[in-house]
Every structure is written in structure tokens, then in C-alpha cells.
>>> print(open('query22.csv').read())   # CSV, C-alpha atoms
chain,number,residue,atom,x,y,z
A,1188,LEU,CA,0.0,0.0,0.0
A,1189,GLU,CA,2.9,2.4,0.7
A,1190,VAL,CA,4.1,2.1,-2.9
A,1191,PHE,CA,0.7,3.0,-4.2
A,1192,LYS,CA,0.4,5.9,-1.8
A,1193,LYS,CA,3.7,7.3,-3.0
A,1194,ILE,CA,2.8,7.0,-6.6
A,1195,ALA,CA,-0.7,8.5,-6.2
A,1196,GLY,CA,0.8,11.3,-4.0
A,1197,SER,CA,3.2,12.3,-6.7
A,1198,LYS,CA,0.5,12.7,-9.3
A,1199,GLU,CA,-1.7,15.9,-9.3
A,1200,GLY,CA,-5.4,15.1,-9.3
A,1201,VAL,CA,-4.9,11.4,-8.6
A,1202,SER,CA,-6.8,9.9,-5.6
A,1203,LEU,CA,-6.2,6.5,-4.1
A,1204,TYR,CA,-9.1,4.5,-2.5
A,1205,TYR,CA,-8.6,1.2,-0.7
A,1206,PHE,CA,-11.3,-1.4,-0.4
A,1207,ILE,CA,-11.1,-5.0,0.8
A,1208,ILE,CA,-13.7,-7.4,-0.6
A,1209,GLN,CA,-13.1,-10.7,1.1
A,1210,PRO,CA,-15.6,-13.5,1.5
A,1211,ASN,CA,-15.2,-16.1,4.2
A,1212,VAL,CA,-12.4,-18.7,3.8
A,1213,GLU,CA,-14.7,-21.5,2.6
A,1214,ILE,CA,-16.0,-19.4,-0.3
A,1215,CYS,CA,-12.4,-18.6,-1.1
A,1216,ARG,CA,-11.3,-22.2,-1.0
A,1217,THR,CA,-14.2,-23.3,-3.3
A,1218,ARG,CA,-13.6,-20.5,-5.8
A,1219,ALA,CA,-9.8,-21.3,-5.9
A,1220,ALA,CA,-10.4,-25.0,-6.3
A,1221,THR,CA,-13.0,-24.6,-9.1
A,1222,ARG,CA,-11.3,-22.0,-11.3
A,1223,CYS,CA,-10.8,-22.8,-15.0
A,1224,GLU,CA,-7.3,-21.4,-14.9
A,1225,GLY,CA,-4.9,-21.1,-11.9
A,1226,ARG,CA,-6.7,-23.7,-9.9
A,1227,ILE,CA,-5.5,-24.0,-6.3
A,1228,GLU,CA,-6.3,-27.4,-4.9
A,1229,ASP,CA,-4.5,-27.0,-1.5
A,1230,TYR,CA,-5.6,-23.6,-0.1
A,1231,GLU,CA,-3.5,-24.0,3.1
A,1232,GLU,CA,-0.6,-22.4,1.3
A,1233,ASN,CA,-2.7,-19.3,1.0
A,1234,MET,CA,-4.0,-19.1,4.5
A,1235,ARG,CA,-1.4,-16.6,5.7
A,1236,LEU,CA,-2.4,-14.2,3.0
A,1237,PHE,CA,-6.1,-14.7,3.7
A,1238,GLU,CA,-5.5,-14.1,7.4
A,1239,SER,CA,-3.5,-11.0,6.8
A,1240,PHE,CA,-6.4,-9.5,5.0
A,1241,SER,CA,-8.9,-10.8,7.6
A,1242,ALA,CA,-7.1,-8.7,10.2
A,1243,MET,CA,-7.8,-5.5,8.3
A,1244,THR,CA,-11.3,-4.3,9.1
A,1245,SER,CA,-11.2,-0.6,8.4
A,1246,HIS,CA,-11.5,-0.8,4.6
A,1247,ARG,CA,-13.7,-3.9,4.3
A,1248,ILE,CA,-16.9,-3.7,2.3
A,1249,GLY,CA,-19.7,-6.2,1.6
A,1250,SER,CA,-20.4,-9.5,3.0
A,1251,ASP,CA,-20.4,-13.2,1.9
A,1252,ASP,CA,-23.7,-12.7,0.1
A,1253,SER,CA,-23.1,-9.3,-1.4
A,1254,THR,CA,-23.8,-9.1,-5.1
A,1255,THR,CA,-21.5,-7.5,-7.6
A,1256,GLU,CA,-24.0,-4.8,-8.1
A,1257,GLU,CA,-24.1,-4.0,-4.3
A,1258,LEU,CA,-20.3,-3.9,-4.1
A,1259,ALA,CA,-20.1,-1.6,-7.2
A,1260,SER,CA,-22.7,0.7,-5.7
A,1261,ILE,CA,-20.7,1.0,-2.4
A,1262,VAL,CA,-17.5,1.7,-4.3
A,1263,LEU,CA,-19.2,4.3,-6.6
A,1264,ARG,CA,-20.8,6.0,-3.6
A,1265,GLU,CA,-17.5,6.2,-1.7
A,1266,ILE,CA,-15.3,7.5,-4.6
A,1267,SER,CA,-18.0,10.2,-5.2
A,1268,SER,CA,-17.7,11.4,-1.6
A,1269,PRO,CA,-14.9,13.9,-0.7
A,1270,SER,CA,-15.0,12.7,2.9
A,1271,SER,CA,-14.8,9.0,2.1
A,1272,SER,CA,-13.1,6.9,4.8
A,1273,TYR,CA,-11.7,4.7,2.0
A,1274,LEU,CA,-9.7,7.6,0.5
A,1275,ILE,CA,-6.0,7.2,1.4
A,1276,GLN,CA,-4.3,10.5,2.0
>>> encode(input="query22.csv", output="C-alpha cells")
Amino acid sequence: LEVFKKIAGSKEGVSLYYFIIQPNVEICRTRAATRCEGRIEDYEENMRLFESFSAMTSHRIGSDDSTTEELASIVLREISSPSSSYLIQ
């Protein structure tokens, strides 16, 4: 995130918003195992990454049953708000 903050900060008129969209681990396991390409049969190798994002709560949006449209609506609303808590200064 620091690299992106540095790049965005050096560009006039560029804003950086940070959202975490993460379903529960069982949904992640199922999606990873059933991909057409890049299938991940053993998700245990990815648990550390999953857990690192699970610990971040301040930029999380949606829930396990959120639709793509609901998530897009949240993102659009937040990037339209000058006081968005998702805007990285």
C-alpha cells in the first residue's frame, strides 16, 4: 500500500481509494479449487495471505452474500464522496 500511496501522492489530481472485498475462507477455498485457470487445490498455502487481509477491518466492504452490483454501488458512492473513509491521504 505504501508504494501506491507514494505513486498517487506524486500525481496531481490522482486519488487512491482502498477497499477490501473478502468472502469467508470456505468461499475462497471453493472458488480457488474450481477456477478454470490457476486452480488452487490446496488452499492451506494461501491461509497466511487470507488471514493478513482478515485482520484488516477498516477498509472492508460487503459480506459473503453481497452481489457484484451491491459492491459496485458502495465503491461508486465512496469514490464520489470527498469525505470517504476509504480515501488514502
>>> closest_residue(input="query22.csv", among="A:Tyr1230, A:Ile1266, A:Ile1261, A:Lys1193", to="Ile1214 of chain A", atoms="only C-alpha atoms")
A:Tyr1230
>>> closest_residue(input="query22.csv", among="A:Phe1240, A:Arg1226, A:Ser1197, A:Glu1189", to="Val1212 of chain A", atoms="all atoms listed in the file")
A:Phe1240
>>> residues_around(input="query22.csv", residues="segment 1198-1206 of chain A", least_positions_apart="6", cutoff="12 Å", atoms="only C-alpha atoms", output="PDB file with C-alpha atoms, keeping the file's coordinate frame")
ATOM      1  CA  LEU A1188       0.000   0.000   0.000  1.00  0.00           C
ATOM      2  CA  GLU A1189       2.900   2.400   0.700  1.00  0.00           C
ATOM      3  CA  VAL A1190       4.100   2.100  -2.900  1.00  0.00           C
ATOM      4  CA  PHE A1191       0.700   3.000  -4.200  1.00  0.00           C
ATOM      5  CA  LYS A1192       0.400   5.900  -1.800  1.00  0.00           C
ATOM      6  CA  PHE A1240      -6.400  -9.500   5.000  1.00  0.00           C
ATOM      7  CA  MET A1243      -7.800  -5.500   8.300  1.00  0.00           C
ATOM      8  CA  THR A1244     -11.300  -4.300   9.100  1.00  0.00           C
ATOM      9  CA  SER A1245     -11.200  -0.600   8.400  1.00  0.00           C
ATOM     10  CA  HIS A1246     -11.500  -0.800   4.600  1.00  0.00           C
ATOM     11  CA  ARG A1247     -13.700  -3.900   4.300  1.00  0.00           C
ATOM     12  CA  ILE A1248     -16.900  -3.700   2.300  1.00  0.00           C
ATOM     13  CA  GLY A1249     -19.700  -6.200   1.600  1.00  0.00           C
ATOM     14  CA  LEU A1258     -20.300  -3.900  -4.100  1.00  0.00           C
ATOM     15  CA  ALA A1259     -20.100  -1.600  -7.200  1.00  0.00           C
ATOM     16  CA  ILE A1261     -20.700   1.000  -2.400  1.00  0.00           C
ATOM     17  CA  VAL A1262     -17.500   1.700  -4.300  1.00  0.00           C
ATOM     18  CA  LEU A1263     -19.200   4.300  -6.600  1.00  0.00           C
ATOM     19  CA  ARG A1264     -20.800   6.000  -3.600  1.00  0.00           C
ATOM     20  CA  GLU A1265     -17.500   6.200  -1.700  1.00  0.00           C
ATOM     21  CA  ILE A1266     -15.300   7.500  -4.600  1.00  0.00           C
ATOM     22  CA  SER A1267     -18.000  10.200  -5.200  1.00  0.00           C
ATOM     23  CA  SER A1268     -17.700  11.400  -1.600  1.00  0.00           C
ATOM     24  CA  PRO A1269     -14.900  13.900  -0.700  1.00  0.00           C
ATOM     25  CA  SER A1270     -15.000  12.700   2.900  1.00  0.00           C
ATOM     26  CA  SER A1271     -14.800   9.000   2.100  1.00  0.00           C
ATOM     27  CA  SER A1272     -13.100   6.900   4.800  1.00  0.00           C
ATOM     28  CA  TYR A1273     -11.700   4.700   2.000  1.00  0.00           C
ATOM     29  CA  LEU A1274      -9.700   7.600   0.500  1.00  0.00           C
ATOM     30  CA  ILE A1275      -6.000   7.200   1.400  1.00  0.00           C
ATOM     31  CA  GLN A1276      -4.300  10.500   2.000  1.00  0.00           C
TER      32      GLN A1276
END
>>> atom_distance(input="query22.csv", atom1="atom CA of Ser1241 of chain A", atom2="atom CA of Thr1255 of chain A")
20.0 Å
>>> residues_around(input="query22.csv", residues="Glu1213 of chain A", least_positions_apart="2", cutoff="12 Å", atoms="all atoms listed in the file", output="list in words")
Gln1209, Pro1210, Asn1211, Cys1215, Arg1216, Thr1217, Arg1218, Ala1219, Ala1220, Tyr1230, Glu1231, Met1234, Phe1237 and Asp1251 of chain A
>>> write_last_selection(input="query22.csv", atoms="C-alpha atoms", output="PDB file, keeping the file's coordinate frame")
ATOM      1  CA  GLN A1209     -13.100 -10.700   1.100  1.00  0.00           C
ATOM      2  CA  PRO A1210     -15.600 -13.500   1.500  1.00  0.00           C
ATOM      3  CA  ASN A1211     -15.200 -16.100   4.200  1.00  0.00           C
ATOM      4  CA  CYS A1215     -12.400 -18.600  -1.100  1.00  0.00           C
ATOM      5  CA  ARG A1216     -11.300 -22.200  -1.000  1.00  0.00           C
ATOM      6  CA  THR A1217     -14.200 -23.300  -3.300  1.00  0.00           C
ATOM      7  CA  ARG A1218     -13.600 -20.500  -5.800  1.00  0.00           C
ATOM      8  CA  ALA A1219      -9.800 -21.300  -5.900  1.00  0.00           C
ATOM      9  CA  ALA A1220     -10.400 -25.000  -6.300  1.00  0.00           C
ATOM     10  CA  TYR A1230      -5.600 -23.600  -0.100  1.00  0.00           C
ATOM     11  CA  GLU A1231      -3.500 -24.000   3.100  1.00  0.00           C
ATOM     12  CA  MET A1234      -4.000 -19.100   4.500  1.00  0.00           C
ATOM     13  CA  PHE A1237      -6.100 -14.700   3.700  1.00  0.00           C
ATOM     14  CA  ASP A1251     -20.400 -13.200   1.900  1.00  0.00           C
TER      15      ASP A1251
END
>>> atom_distance(input="query22.csv", atom1="atom CA of Arg1235 of chain A", atom2="atom CA of Ile1208 of chain A")
16.6 Å
>>> closest_residue(input="query22.csv", among="A:Ile1194, A:Asn1233, A:Ile1227, A:Ala1242", to="Ile1207 of chain A", atoms="only C-alpha atoms")
A:Ala1242
>>> build_atoms(input="query22.csv", residues="segment 1241-1252 of chain A", atoms="all heavy atoms", output="mmCIF file, keeping the file's coordinate frame")
data_model
loop_
_atom_site.group_PDB
_atom_site.id
_atom_site.type_symbol
_atom_site.label_atom_id
_atom_site.label_comp_id
_atom_site.auth_asym_id
_atom_site.auth_seq_id
_atom_site.Cartn_x
_atom_site.Cartn_y
_atom_site.Cartn_z
ATOM 1 N N SER A 1241 -7.802 -10.651 6.602
ATOM 2 C CA SER A 1241 -8.900 -10.800 7.600
ATOM 3 C C SER A 1241 -8.651 -9.860 8.779
ATOM 4 O O SER A 1241 -9.601 -9.395 9.403
ATOM 5 C CB SER A 1241 -8.977 -12.231 8.089
ATOM 6 O OG SER A 1241 -9.364 -13.072 7.036
ATOM 7 N N ALA A 1242 -7.393 -9.586 9.091
ATOM 8 C CA ALA A 1242 -7.100 -8.700 10.200
ATOM 9 C C ALA A 1242 -7.365 -7.253 9.925
ATOM 10 O O ALA A 1242 -7.474 -6.445 10.841
ATOM 11 C CB ALA A 1242 -5.606 -8.894 10.608
ATOM 12 N N MET A 1243 -7.492 -6.907 8.647
ATOM 13 C CA MET A 1243 -7.800 -5.500 8.300
ATOM 14 C C MET A 1243 -9.275 -5.316 8.192
ATOM 15 O O MET A 1243 -9.942 -5.886 7.347
ATOM 16 C CB MET A 1243 -7.159 -5.228 6.890
ATOM 17 C CG MET A 1243 -5.679 -5.385 6.842
ATOM 18 S SD MET A 1243 -5.146 -5.100 5.137
ATOM 19 C CE MET A 1243 -3.452 -5.563 5.260
ATOM 20 N N THR A 1244 -9.797 -4.503 9.081
ATOM 21 C CA THR A 1244 -11.300 -4.300 9.100
ATOM 22 C C THR A 1244 -11.695 -2.934 8.638
ATOM 23 O O THR A 1244 -12.827 -2.753 8.229
ATOM 24 C CB THR A 1244 -11.797 -4.563 10.516
ATOM 25 O OG1 THR A 1244 -11.148 -3.666 11.423
ATOM 26 C CG2 THR A 1244 -11.563 -5.998 10.948
ATOM 27 N N SER A 1245 -10.806 -1.960 8.657
ATOM 28 C CA SER A 1245 -11.200 -0.600 8.400
ATOM 29 C C SER A 1245 -11.627 -0.312 6.945
ATOM 30 O O SER A 1245 -12.356 0.627 6.683
ATOM 31 C CB SER A 1245 -10.158 0.399 8.837
ATOM 32 O OG SER A 1245 -8.997 0.213 8.075
ATOM 33 N N HIS A 1246 -11.172 -1.104 6.016
ATOM 34 C CA HIS A 1246 -11.500 -0.800 4.600
ATOM 35 C C HIS A 1246 -12.321 -1.937 3.976
ATOM 36 O O HIS A 1246 -12.422 -2.030 2.766
ATOM 37 C CB HIS A 1246 -10.171 -0.652 3.821
ATOM 38 C CG HIS A 1246 -9.447 0.586 4.203
ATOM 39 N ND1 HIS A 1246 -9.683 1.799 3.606
ATOM 40 C CD2 HIS A 1246 -8.520 0.818 5.159
ATOM 41 C CE1 HIS A 1246 -8.931 2.719 4.160
ATOM 42 N NE2 HIS A 1246 -8.208 2.146 5.108
ATOM 43 N N ARG A 1247 -12.951 -2.743 4.809
ATOM 44 C CA ARG A 1247 -13.700 -3.900 4.300
ATOM 45 C C ARG A 1247 -15.123 -3.418 3.892
ATOM 46 O O ARG A 1247 -15.761 -2.602 4.544
ATOM 47 C CB ARG A 1247 -13.870 -4.900 5.454
ATOM 48 C CG ARG A 1247 -14.532 -6.185 5.052
ATOM 49 C CD ARG A 1247 -14.439 -7.221 6.167
ATOM 50 N NE ARG A 1247 -13.070 -7.443 6.593
ATOM 51 C CZ ARG A 1247 -12.182 -8.183 5.923
ATOM 52 N NH1 ARG A 1247 -12.513 -8.751 4.806
ATOM 53 N NH2 ARG A 1247 -10.966 -8.341 6.397
ATOM 54 N N ILE A 1248 -15.567 -3.931 2.753
ATOM 55 C CA ILE A 1248 -16.900 -3.700 2.300
ATOM 56 C C ILE A 1248 -17.602 -4.988 1.946
ATOM 57 O O ILE A 1248 -16.936 -5.971 1.649
ATOM 58 C CB ILE A 1248 -16.992 -2.719 1.082
ATOM 59 C CG1 ILE A 1248 -16.311 -3.321 -0.143
ATOM 60 C CG2 ILE A 1248 -16.418 -1.360 1.432
ATOM 61 C CD1 ILE A 1248 -16.536 -2.523 -1.417
ATOM 62 N N GLY A 1249 -18.925 -4.987 1.983
ATOM 63 C CA GLY A 1249 -19.700 -6.200 1.600
ATOM 64 C C GLY A 1249 -19.700 -7.263 2.603
ATOM 65 O O GLY A 1249 -19.163 -7.145 3.694
ATOM 66 N N SER A 1250 -20.343 -8.345 2.203
ATOM 67 C CA SER A 1250 -20.400 -9.500 3.000
ATOM 68 C C SER A 1250 -20.398 -10.756 2.128
ATOM 69 O O SER A 1250 -20.314 -10.619 0.911
ATOM 70 C CB SER A 1250 -21.726 -9.520 3.858
ATOM 71 O OG SER A 1250 -22.844 -9.576 2.987
ATOM 72 N N ASP A 1251 -20.493 -11.929 2.716
ATOM 73 C CA ASP A 1251 -20.400 -13.200 1.900
ATOM 74 C C ASP A 1251 -21.494 -13.242 0.849
ATOM 75 O O ASP A 1251 -21.293 -13.855 -0.186
ATOM 76 C CB ASP A 1251 -20.516 -14.385 2.820
ATOM 77 C CG ASP A 1251 -19.296 -14.551 3.695
ATOM 78 O OD1 ASP A 1251 -18.245 -13.959 3.383
ATOM 79 O OD2 ASP A 1251 -19.395 -15.260 4.714
ATOM 80 N N ASP A 1252 -22.629 -12.622 1.097
ATOM 81 C CA ASP A 1252 -23.700 -12.700 0.100
ATOM 82 C C ASP A 1252 -23.947 -11.435 -0.661
ATOM 83 O O ASP A 1252 -24.955 -11.274 -1.335
ATOM 84 C CB ASP A 1252 -25.014 -13.138 0.835
ATOM 85 C CG ASP A 1252 -25.401 -12.201 1.971
ATOM 86 O OD1 ASP A 1252 -24.627 -11.297 2.301
ATOM 87 O OD2 ASP A 1252 -26.501 -12.391 2.524
#
